[in-house]
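Just below is one structure, and these are the notes that go with it.
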Amino acid sequence: MKSINLKENQFIQFHQKISFKFDGVKYFGYKGDTIASALLRNNISIVGRSFKYHRPRGIYTCGIEEPNALVQIISEYSEPNTRATIKKIYEGMEIESQNRWPSLENDFGSINNLFSPIFTAGFYYKTFMGPHKKFWKNLYEPLIRRAAGLGKPPKDFKGISNHIHHNVDITIIGGGLNGLLAAKSFINSNYDVLLIDFEEQLGGIINNSNKISSIDNKEPKDWLKETIQEIEDSKNIKILKNTLVTTYNYINHLIAIEDRFVGSKPIEGKVNSTLHKIRTGHTILCNGHIERFLSFQNNDLPGIMLSSSFEKYMCRYGLAPSKEPVIFSNNSNSNSLVYSLIKAGLKPKAYIDSRSGEEIEPNLFDLIRKNDVPLYTNSQIKGAFGNKKIEKILVEDSSGALNEIKCDCLCLSGGINPDVHLFTQSKGLLDWDEKDLTYKPSKPFQPTITLGSASGQFNFDNLNSDINEKLKTFKVKKLDVKLELNTNAKYNIEKLWEVSPQKKSLWAKSFIDLQNDVTTKDIRQAITEGFDRIEHLKRYTTNSMGTDQGKISSINALGIVSDLLDKKVNEVGTTIYRPPYAPLSFSAIAGRNCYEFYDPERKSPIHNWHLKNGAIFEDVGQWKRPWYFQINKDESMHDAVQRESKNVRENAGILDGSTLGKIEIKGEDALEFMNLIYTNSFTKMKQGSARYALMLGEDGMVKDDGIICKISDQHFIATTTTGGAATVLGCMEEYAQTEWPNLKVFMNSITEQYATFNISGPKTREIMKKAFPNINFSNEEFPFMTFQFHEFNGVPIRILRASFTGELGYEIYIPSNSAPKIWDNIQSFGKEFGLAPYGTEAMHLLRAEKGYIIVGQDTDGSITPIDLGLSWMIGKSKKDFLGKRSLTRSDTIREDRKQLVGIIPSNKADKLEEGQHIILDKEIKSPVPMLGHITSCYYSSTLGHDFALAVIKNGHSMIGTKAYASTSSMSTTGVDIVKPVFYDADNKRLVS
Amino acid sequence: MLIINCPYCGPRDQSEFSNGGEAHVKRPDGSKEIGDREWGEYVFIRANPKGLFYERWVHTHGCRKWFNCVRDTSTDEILVTYKLDEKKPNLNNFKSVVKTPSGEPEVGSGNFTVEK
Ligand SMILES: [Zn+2]
């Protein structure tokens, strides 16, 4: 294909040369060029290899609908699958073609074209399901993995994007003729209007074609300039350019992506793209139409492009991709290309129309006659031929004779379709127009208005009345625009989807989907095999499932299918177009929510101290909790955990428990409410005392646990597990509002208002005495499970005597701001007693030695308090509480339920593993009856051996017997089933 | 994303709310004796109709209030929201919903693309 530059063009700056690299070779283009227009200027016709058969492919269109020309932008984090037809070039841009090896010209994968009889419709399904399963692994999979696919995923991710929210009355999508006229109607009205266009310049068809000769007696480009100025000056209209609306959700919620670096290299660290999230009262779709192609033998050869795209290259980019293209059409839309060519001093090599001479517009006829263009009416192209690019075509004329025409370019027009993607995304219904042979918007589901060719108005004659009628509800000023055209205004089309080939050949193909390499033969085969529903057919053949969603071809497929099935197109229906309209990158969707902002991190007020003191952190929900503290770099986790736990048993340890959920409950009926929420009874509990409590779901299963402090009958403070805080508060709110609205009770989270320190160990009392000298910590004055309020250096604190380790322990609650100081204070007083911090892992070990459960680790939503051996916690005299009735359901009173037990290896030197099964036989012989599994498992230096908690069937009655635990090496270990308490069973240390 | 009209705060984005399942399911009085079946139905069984549905929502990231609504499950259209102590609206009041023989609206269900 030999292209030529046209002299005049307002969009291309011919004085500004730009160099770029394509597959390592340096080329020049001009400022304003897209990759595609620059490549065409350099007479490059092959830009990629096709998906399955690796056939050479060229530039087919001049816009977002492009199926072939997808390239990898090496200079932008190696961004793959970029449409060459919309991406603008800049100095130093590096581009690579995709899907070829070793080079574009000599591609090894093109051998797939020879194997193509294997790759027909349903190939993947048949290979997966069929009898060739053996071949799959050895032959097909390696072959497909190497051959199929689009670009390579980028290795690096640095693109930054941000999100902007809009709340407007009206959003106009598309800044072409109709979009501009709609916006003009709203100038200086009381509506907030957003006008969005995908391109850098507003104007659409006015810029892209020579269809319009004058508007209001002005040159179209002068009118355009004036109108855009008026809109820009209007205070109520905001224009977003370079912005593509990709998604139309419920309740007029639109997603649009704005490219912030059009025609220049994105600057690292700056926002590359903006995702606009728009909520609008009404949406006005003015997003125009898309030209479709035609199917015939080798309709994919480089050098073939859509006729309106050829015209767009001329008008928009000052470039004729070829000096003398052949035009093949079945409709009036390609008239203006003939006009544009002749206006530019060029002419078509031939004009071929499937319509008869009478149907062809008289002014086109005159133009063709006057300029001696060879005209073929009632004719069809049987096939295109050439080595890697088009060289000749075969035309069957009205007499049935075959004519060979040599050419380097063929322009196709198979008719036009309203761009209905967004309309169908909005859930609107379409209707088939038998005259214009296309689906048009018919019933909107949302407040959606369609104007111009997006609504199926392919003629300009009722432009004013259509807009005035559809915008009537807004009571804006009426339009009266005078439009003169260069070509015939009446859209006319004859039905033609596919031309059957002259000679049958296995290798010469007639494509229906260029991006996914689907042929018309695949469609036939799918129907023969019974996939005659359009949604089935789409998936079976992968027709229109590429990233272009078959924008130029999906309607053709419906036409072919309806003919094959002898059904009306409306009966065949159309597949649903899914968002996004065009691919958008994950980095745009992620916006700023990446890296450290991906998920909020919650840190305790003591976090900085942990950082300085060797803490290794563990994520608990969103919280960062010290897992263990390393005293030096060489200390292993095992050593650190054993050291920390031993120190708690022998001296004293301190744990930062600030992450525990804390809920304050107040109100006249707080006592009654707490009695309903938790299993325990709080009625007889003394003020100033605390109680370990369980919360159940209505199904009777343990949902959370915590300690309840009773300040008075009208005032409680509850702690929850770290992960359960929000759920417990949510549950309390739900029941307070929905089931017991008569109870006067209020609750709120105070988790972040208070830090919590858990100090425990035999020397704790000595440390507390030193740290808080005014408080009497004697057993008589401060017994187990009581709490006191005090003031310490002007800071109000609450101290609770409780323990999760089995040792003497206190929990100190301090307002977060004052917490670091008091923490430091305790550290300095504790030094002489050997006080050391411990992390969550040592805490887990210590509590397991004591047999204390962790909700979510030792329970899994199918364990009742009775299963845990915690029946004593159930307030049996209470009339009601959450889940009470479920504890006597036939299922929960079964005796063979899984119950909590302790496990120790019969041979103390043996190891146990968390998650392993408890079974009865030493030999593993399938089927193995599984009793249950190990929920928690640790080595204890206090005990000197491994121990575990487990839930096993009928566990309580199995205590004292022997069983086996499976191991990850597929053998078994003999174990003793014991009571789930391994340390200080009579609680002497706890209450002393 | 839906817009939900909180009866206390006004229309807000769906992301501020959490769904609470079927509305107007009364918790049986725990102080009275009831059978396994009746209790089991309260705990485990909820309606899941295609079409109009009484539903509970909570304005989690807002006023934390629970409220009820009528939603068409086949289009996701929320027809009305109301406070917990308000009477539940009669479903026959919502005549605007067009039904096909299979029980879903022609427009907006997402299962139809072409007008029949
Ligand atoms: Zn609210």
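Order determines the names: the first chain of the structure tokens is A, the second B, and so forth; residues in each chain are numbered 1 upward, and ligands are numbered 1 upward as they are shown.
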7 Å contacts from chain A to chain B using only C-alpha atoms, as a tab-separated table (two decimals) with C-alpha atoms, in the first residue's frame:
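Now in iface-v3.tsv:
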```tsv
chain	number	residue	atom	x	y	z
A	249	ASN	CA	-24.53	1.08	35.31
A	250	TYR	CA	-27.83	1.19	37.16
A	251	ILE	CA	-29.27	4.53	38.19
A	253	HIS	CA	-23.98	5.71	37.03
A	424	THR	CA	-27.66	-2.15	26.14
A	427	LYS	CA	-30.52	-2.47	30.10
A	428	GLY	CA	-32.42	-0.76	27.29
A	429	LEU	CA	-34.04	-2.93	24.63
A	430	LEU	CA	-33.16	-2.95	20.92
A	431	ASP	CA	-35.32	-3.51	17.89
A	445	PHE	CA	-34.82	1.24	31.01
A	570	ASN	CA	-35.20	-10.18	15.97
A	573	GLY	CA	-31.69	-11.76	19.11
A	574	THR	CA	-28.35	-10.33	19.99
A	576	ILE	CA	-25.59	-8.70	25.53
A	698	GLU	CA	-29.47	-17.76	66.46
A	699	ASP	CA	-28.31	-21.19	65.29
A	737	GLN	CA	-33.29	-1.71	66.56
A	739	GLU	CA	-36.21	-7.03	67.60
A	879	LYS	CA	-36.01	-16.92	79.53
A	880	ASP	CA	-34.27	-15.93	76.34
A	885	ARG	CA	-33.72	-22.23	71.62
A	889	ARG	CA	-32.61	-28.59	68.74
```
*asked:* With DSSP run on the backbone, what are the alpha helix (DSSP H) residues within chain B? I'd like them as JSON, numbers by chain.
replied: {"B": [36, 37, 38, 39, 40, 41, 42, 43, 44]}
Residue selection dump (N, CA, C and O atoms) as a PDB file, in the first residue's frame:
```
ATOM      1  N   ASP B  36     -39.236 -27.483  67.225  1.00  0.00           N
ATOM      2  CA  ASP B  36     -38.023 -27.440  66.409  1.00  0.00           C
ATOM      3  C   ASP B  36     -38.298 -26.859  65.023  1.00  0.00           C
ATOM      4  O   ASP B  36     -37.534 -26.070  64.505  1.00  0.00           O
ATOM      5  N   ARG B  37     -39.433 -27.284  64.436  1.00  0.00           N
ATOM      6  CA  ARG B  37     -39.717 -26.868  63.067  1.00  0.00           C
ATOM      7  C   ARG B  37     -39.926 -25.359  62.975  1.00  0.00           C
ATOM      8  O   ARG B  37     -39.314 -24.693  62.151  1.00  0.00           O
ATOM      9  N   GLU B  38     -40.751 -24.840  63.895  1.00  0.00           N
ATOM     10  CA  GLU B  38     -41.067 -23.408  63.842  1.00  0.00           C
ATOM     11  C   GLU B  38     -39.793 -22.585  64.062  1.00  0.00           C
ATOM     12  O   GLU B  38     -39.518 -21.619  63.357  1.00  0.00           O
ATOM     13  N   TRP B  39     -39.002 -22.992  65.054  1.00  0.00           N
ATOM     14  CA  TRP B  39     -37.758 -22.273  65.336  1.00  0.00           C
ATOM     15  C   TRP B  39     -36.778 -22.419  64.153  1.00  0.00           C
ATOM     16  O   TRP B  39     -36.157 -21.451  63.732  1.00  0.00           O
ATOM     17  N   GLY B  40     -36.688 -23.627  63.630  1.00  0.00           N
ATOM     18  CA  GLY B  40     -35.788 -23.875  62.503  1.00  0.00           C
ATOM     19  C   GLY B  40     -36.152 -23.025  61.299  1.00  0.00           C
ATOM     20  O   GLY B  40     -35.282 -22.509  60.607  1.00  0.00           O
ATOM     21  N   GLU B  41     -37.464 -22.840  61.080  1.00  0.00           N
ATOM     22  CA  GLU B  41     -37.875 -22.008  59.954  1.00  0.00           C
ATOM     23  C   GLU B  41     -37.470 -20.556  60.156  1.00  0.00           C
ATOM     24  O   GLU B  41     -37.052 -19.875  59.226  1.00  0.00           O
ATOM     25  N   TYR B  42     -37.564 -20.091  61.407  1.00  0.00           N
ATOM     26  CA  TYR B  42     -37.144 -18.720  61.683  1.00  0.00           C
ATOM     27  C   TYR B  42     -35.633 -18.566  61.454  1.00  0.00           C
ATOM     28  O   TYR B  42     -35.174 -17.605  60.859  1.00  0.00           O
ATOM     29  N   VAL B  43     -34.854 -19.543  61.902  1.00  0.00           N
ATOM     30  CA  VAL B  43     -33.390 -19.403  61.841  1.00  0.00           C
ATOM     31  C   VAL B  43     -32.871 -19.595  60.409  1.00  0.00           C
ATOM     32  O   VAL B  43     -32.007 -18.846  59.955  1.00  0.00           O
ATOM     33  N   PHE B  44     -33.411 -20.579  59.708  1.00  0.00           N
ATOM     34  CA  PHE B  44     -32.764 -20.997  58.461  1.00  0.00           C
ATOM     35  C   PHE B  44     -33.504 -20.640  57.175  1.00  0.00           C
ATOM     36  O   PHE B  44     -32.909 -20.634  56.109  1.00  0.00           O
TER      37      PHE B  44
END
```
Produce as a PDB file with all heavy atoms, in the first residue's frame the set of residues near ligand 1, where near means within 7 Å with only C-alpha atoms and all ligand atoms considered.
```pdb
ATOM      1  N   CYS B   6     -31.952   6.373  52.234  1.00  0.00           N
ATOM      2  CA  CYS B   6     -32.049   6.123  53.675  1.00  0.00           C
ATOM      3  C   CYS B   6     -33.162   7.011  54.233  1.00  0.00           C
ATOM      4  O   CYS B   6     -33.158   8.213  53.995  1.00  0.00           O
ATOM      5  CB  CYS B   6     -30.724   6.447  54.358  1.00  0.00           C
ATOM      6  SG  CYS B   6     -30.830   6.416  56.155  1.00  0.00           S
ATOM      7  N   PRO B   7     -34.143   6.425  54.955  1.00  0.00           N
ATOM      8  CA  PRO B   7     -35.257   7.243  55.455  1.00  0.00           C
ATOM      9  C   PRO B   7     -34.788   8.311  56.444  1.00  0.00           C
ATOM     10  O   PRO B   7     -35.548   9.224  56.763  1.00  0.00           O
ATOM     11  CB  PRO B   7     -36.165   6.236  56.159  1.00  0.00           C
ATOM     12  CG  PRO B   7     -35.706   4.896  55.711  1.00  0.00           C
ATOM     13  CD  PRO B   7     -34.273   5.022  55.313  1.00  0.00           C
ATOM     14  N   TYR B   8     -33.551   8.196  56.932  1.00  0.00           N
ATOM     15  CA  TYR B   8     -33.053   9.174  57.910  1.00  0.00           C
ATOM     16  C   TYR B   8     -32.101  10.183  57.289  1.00  0.00           C
ATOM     17  O   TYR B   8     -32.052  11.331  57.689  1.00  0.00           O
ATOM     18  CB  TYR B   8     -32.358   8.464  59.078  1.00  0.00           C
ATOM     19  CG  TYR B   8     -33.270   7.488  59.773  1.00  0.00           C
ATOM     20  CD1 TYR B   8     -33.321   6.154  59.387  1.00  0.00           C
ATOM     21  CD2 TYR B   8     -34.109   7.915  60.800  1.00  0.00           C
ATOM     22  CE1 TYR B   8     -34.186   5.260  60.000  1.00  0.00           C
ATOM     23  CE2 TYR B   8     -34.980   7.035  61.431  1.00  0.00           C
ATOM     24  CZ  TYR B   8     -35.020   5.704  61.026  1.00  0.00           C
ATOM     25  OH  TYR B   8     -35.866   4.839  61.635  1.00  0.00           O
ATOM     26  N   CYS B   9     -31.310   9.747  56.279  1.00  0.00           N
ATOM     27  CA  CYS B   9     -30.260  10.606  55.712  1.00  0.00           C
ATOM     28  C   CYS B   9     -30.552  11.063  54.286  1.00  0.00           C
ATOM     29  O   CYS B   9     -29.932  12.012  53.821  1.00  0.00           O
ATOM     30  CB  CYS B   9     -28.916   9.888  55.697  1.00  0.00           C
ATOM     31  SG  CYS B   9     -28.460   9.171  57.255  1.00  0.00           S
ATOM     32  N   GLY B  10     -31.416  10.358  53.570  1.00  0.00           N
ATOM     33  CA  GLY B  10     -31.644  10.690  52.162  1.00  0.00           C
ATOM     34  C   GLY B  10     -30.862   9.774  51.248  1.00  0.00           C
ATOM     35  O   GLY B  10     -30.240   8.818  51.711  1.00  0.00           O
ATOM     36  N   HIS B  59     -27.783   1.306  57.198  1.00  0.00           N
ATOM     37  CA  HIS B  59     -26.893   2.375  56.710  1.00  0.00           C
ATOM     38  C   HIS B  59     -25.577   2.300  57.502  1.00  0.00           C
ATOM     39  O   HIS B  59     -25.278   3.162  58.330  1.00  0.00           O
ATOM     40  CB  HIS B  59     -27.582   3.729  56.885  1.00  0.00           C
ATOM     41  CG  HIS B  59     -26.939   4.811  56.084  1.00  0.00           C
ATOM     42  ND1 HIS B  59     -27.382   6.110  56.094  1.00  0.00           N
ATOM     43  CD2 HIS B  59     -25.868   4.793  55.239  1.00  0.00           C
ATOM     44  CE1 HIS B  59     -26.621   6.848  55.291  1.00  0.00           C
ATOM     45  NE2 HIS B  59     -25.697   6.069  54.773  1.00  0.00           N
ATOM     46  N   GLY B  62     -23.046   5.206  57.783  1.00  0.00           N
ATOM     47  CA  GLY B  62     -23.830   6.429  57.830  1.00  0.00           C
ATOM     48  C   GLY B  62     -24.435   6.521  59.217  1.00  0.00           C
ATOM     49  O   GLY B  62     -23.718   6.521  60.221  1.00  0.00           O
ATOM     50  N   CYS B  63     -25.767   6.488  59.285  1.00  0.00           N
ATOM     51  CA  CYS B  63     -26.429   6.686  60.572  1.00  0.00           C
ATOM     52  C   CYS B  63     -26.583   5.387  61.369  1.00  0.00           C
ATOM     53  O   CYS B  63     -27.085   5.397  62.475  1.00  0.00           O
ATOM     54  CB  CYS B  63     -27.799   7.317  60.344  1.00  0.00           C
ATOM     55  SG  CYS B  63     -28.901   6.287  59.360  1.00  0.00           S
ATOM     56  N   ARG B  64     -26.165   4.260  60.779  1.00  0.00           N
ATOM     57  CA  ARG B  64     -26.246   2.947  61.440  1.00  0.00           C
ATOM     58  C   ARG B  64     -27.685   2.500  61.711  1.00  0.00           C
ATOM     59  O   ARG B  64     -27.930   1.589  62.500  1.00  0.00           O
ATOM     60  CB  ARG B  64     -25.439   2.921  62.739  1.00  0.00           C
ATOM     61  CG  ARG B  64     -24.002   2.523  62.497  1.00  0.00           C
ATOM     62  CD  ARG B  64     -23.044   2.814  63.630  1.00  0.00           C
ATOM     63  NE  ARG B  64     -23.473   2.414  64.939  1.00  0.00           N
ATOM     64  CZ  ARG B  64     -22.825   2.749  66.056  1.00  0.00           C
ATOM     65  NH1 ARG B  64     -21.727   3.462  65.977  1.00  0.00           N
ATOM     66  NH2 ARG B  64     -23.266   2.369  67.230  1.00  0.00           N
ATOM     67  N   LYS B  65     -28.645   3.149  61.063  1.00  0.00           N
ATOM     68  CA  LYS B  65     -30.049   2.783  61.283  1.00  0.00           C
ATOM     69  C   LYS B  65     -30.462   1.673  60.323  1.00  0.00           C
ATOM     70  O   LYS B  65     -30.070   1.665  59.157  1.00  0.00           O
ATOM     71  CB  LYS B  65     -30.947   4.006  61.035  1.00  0.00           C
ATOM     72  CG  LYS B  65     -30.884   5.029  62.149  1.00  0.00           C
ATOM     73  CD  LYS B  65     -31.738   4.582  63.302  1.00  0.00           C
ATOM     74  CE  LYS B  65     -31.965   5.756  64.264  1.00  0.00           C
ATOM     75  NZ  LYS B  65     -32.671   5.278  65.462  1.00  0.00           N
TER      76      LYS B  65
END
```
Output as an mmCIF file with C-alpha atoms, in the first residue's frame all residues of chain B that backbone DSSP marks as strand (DSSP E).
```cif
data_model
loop_
_atom_site.group_PDB
_atom_site.id
_atom_site.type_symbol
_atom_site.label_atom_id
_atom_site.label_comp_id
_atom_site.auth_asym_id
_atom_site.auth_seq_id
_atom_site.Cartn_x
_atom_site.Cartn_y
_atom_site.Cartn_z
ATOM 1 C CA ILE B 3 -28.662 4.690 45.093
ATOM 2 C CA ILE B 4 -30.551 3.860 48.260
ATOM 3 C CA ASN B 5 -32.788 6.376 49.945
ATOM 4 C CA CYS B 6 -32.049 6.123 53.675
ATOM 5 C CA GLY B 10 -31.644 10.690 52.162
ATOM 6 C CA PRO B 11 -30.246 9.163 48.964
ATOM 7 C CA ARG B 12 -26.735 7.735 49.302
ATOM 8 C CA ASP B 13 -24.492 5.356 47.352
ATOM 9 C CA SER B 18 -25.323 -3.459 54.029
ATOM 10 C CA ASN B 19 -28.107 -5.815 53.091
ATOM 11 C CA GLY B 20 -29.944 -7.588 55.903
ATOM 12 C CA GLY B 21 -32.055 -10.129 54.010
ATOM 13 C CA GLU B 22 -35.806 -10.566 54.104
ATOM 14 C CA LEU B 52 -40.921 -7.725 44.431
ATOM 15 C CA PHE B 53 -39.334 -8.417 47.784
ATOM 16 C CA TYR B 54 -39.508 -6.855 51.253
ATOM 17 C CA GLU B 55 -35.953 -6.406 52.327
ATOM 18 C CA ARG B 56 -33.903 -4.989 55.218
ATOM 19 C CA TRP B 57 -30.927 -2.682 54.829
ATOM 20 C CA VAL B 58 -28.697 -0.905 57.305
ATOM 21 C CA TRP B 66 -31.911 -0.249 60.003
ATOM 22 C CA PHE B 67 -34.828 0.254 57.644
ATOM 23 C CA ASN B 68 -36.982 -1.705 55.198
ATOM 24 C CA CYS B 69 -37.480 -1.458 51.460
ATOM 25 C CA VAL B 70 -39.288 -3.046 48.531
ATOM 26 C CA ARG B 71 -36.878 -4.134 45.820
ATOM 27 C CA ASP B 72 -37.551 -5.808 42.497
ATOM 28 C CA GLU B 77 -34.974 -1.355 41.292
ATOM 29 C CA ILE B 78 -35.705 -0.131 44.817
ATOM 30 C CA LEU B 79 -39.307 1.032 44.769
ATOM 31 C CA VAL B 80 -39.649 2.410 48.281
ATOM 32 C CA THR B 81 -37.751 2.588 51.558
ATOM 33 C CA TYR B 82 -39.491 3.019 54.909
#
```
*Please, what distance in Å, to one decimal, runs between CA of Ser307 (chain A) and CA of Phe28 (chain A)?*
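If I compute the distance from CA of Ser307 (chain A) to CA of Phe28 (chain A), I get 25.4 Å.
Across the structure, CA of Glu434 (chain A) and CA of Asp563 (chain A) are spaced 13.6 Å apart.
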*Between CA of Tyr813 (chain A) and CA of Gln827 (chain A), what is the distance, to one decimal in Å?*
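Computing the Euclidean distance for CA of Tyr813 (chain A) and CA of Gln827 (chain A) yields 16.0 Å.
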*Determine, counting only C-alpha atoms, which protein, DNA and RNA residues have an atom within 6 Å of an atom of Leu990 (chain A); residues of the same chain fewer than 4 positions away are not included. Present the result as a ChimeraX atom specification.*
/A:806-808
The selected residues should be written to file as a CSV table (one decimal), in the first residue's frame (atoms: N, CA, C and O atoms).
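Okay, this is what ended up in result.csv:
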```csv
chain,number,residue,atom,x,y,z
A,806,GLY,N,-3.4,-17.7,82.1
A,806,GLY,CA,-3.4,-18.7,83.3
A,806,GLY,C,-2.6,-18.2,84.5
A,806,GLY,O,-2.6,-18.8,85.5
A,807,GLU,N,-1.8,-17.1,84.3
A,807,GLU,CA,-1.1,-16.6,85.4
A,807,GLU,C,-1.8,-15.4,86.0
A,807,GLU,O,-2.8,-14.9,85.4
A,808,LEU,N,-1.4,-14.9,87.2
A,808,LEU,CA,-1.9,-13.7,87.8
A,808,LEU,C,-1.8,-12.6,86.7
A,808,LEU,O,-0.7,-12.5,86.1
```
_What's around Lys769 (chain A) at 12 Å? Count only C-alpha atoms, leave out sequence neighbours fewer than 5 positions away in its own chain, and write the answer as a PyMOL selection string._
chain A and resi 763-764+774-778+810+826+829-830+833
_Close residues, Glu396 (chain A) itself excluded, 7 Å, only C-alpha atoms, min 3 positions apart in chain, as a list in words_ =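 Residues meeting the cut-off are Ser379, Gln380, Ile381, Lys382, Gly400, Ala401, Leu402 and Asn403 of chain A.
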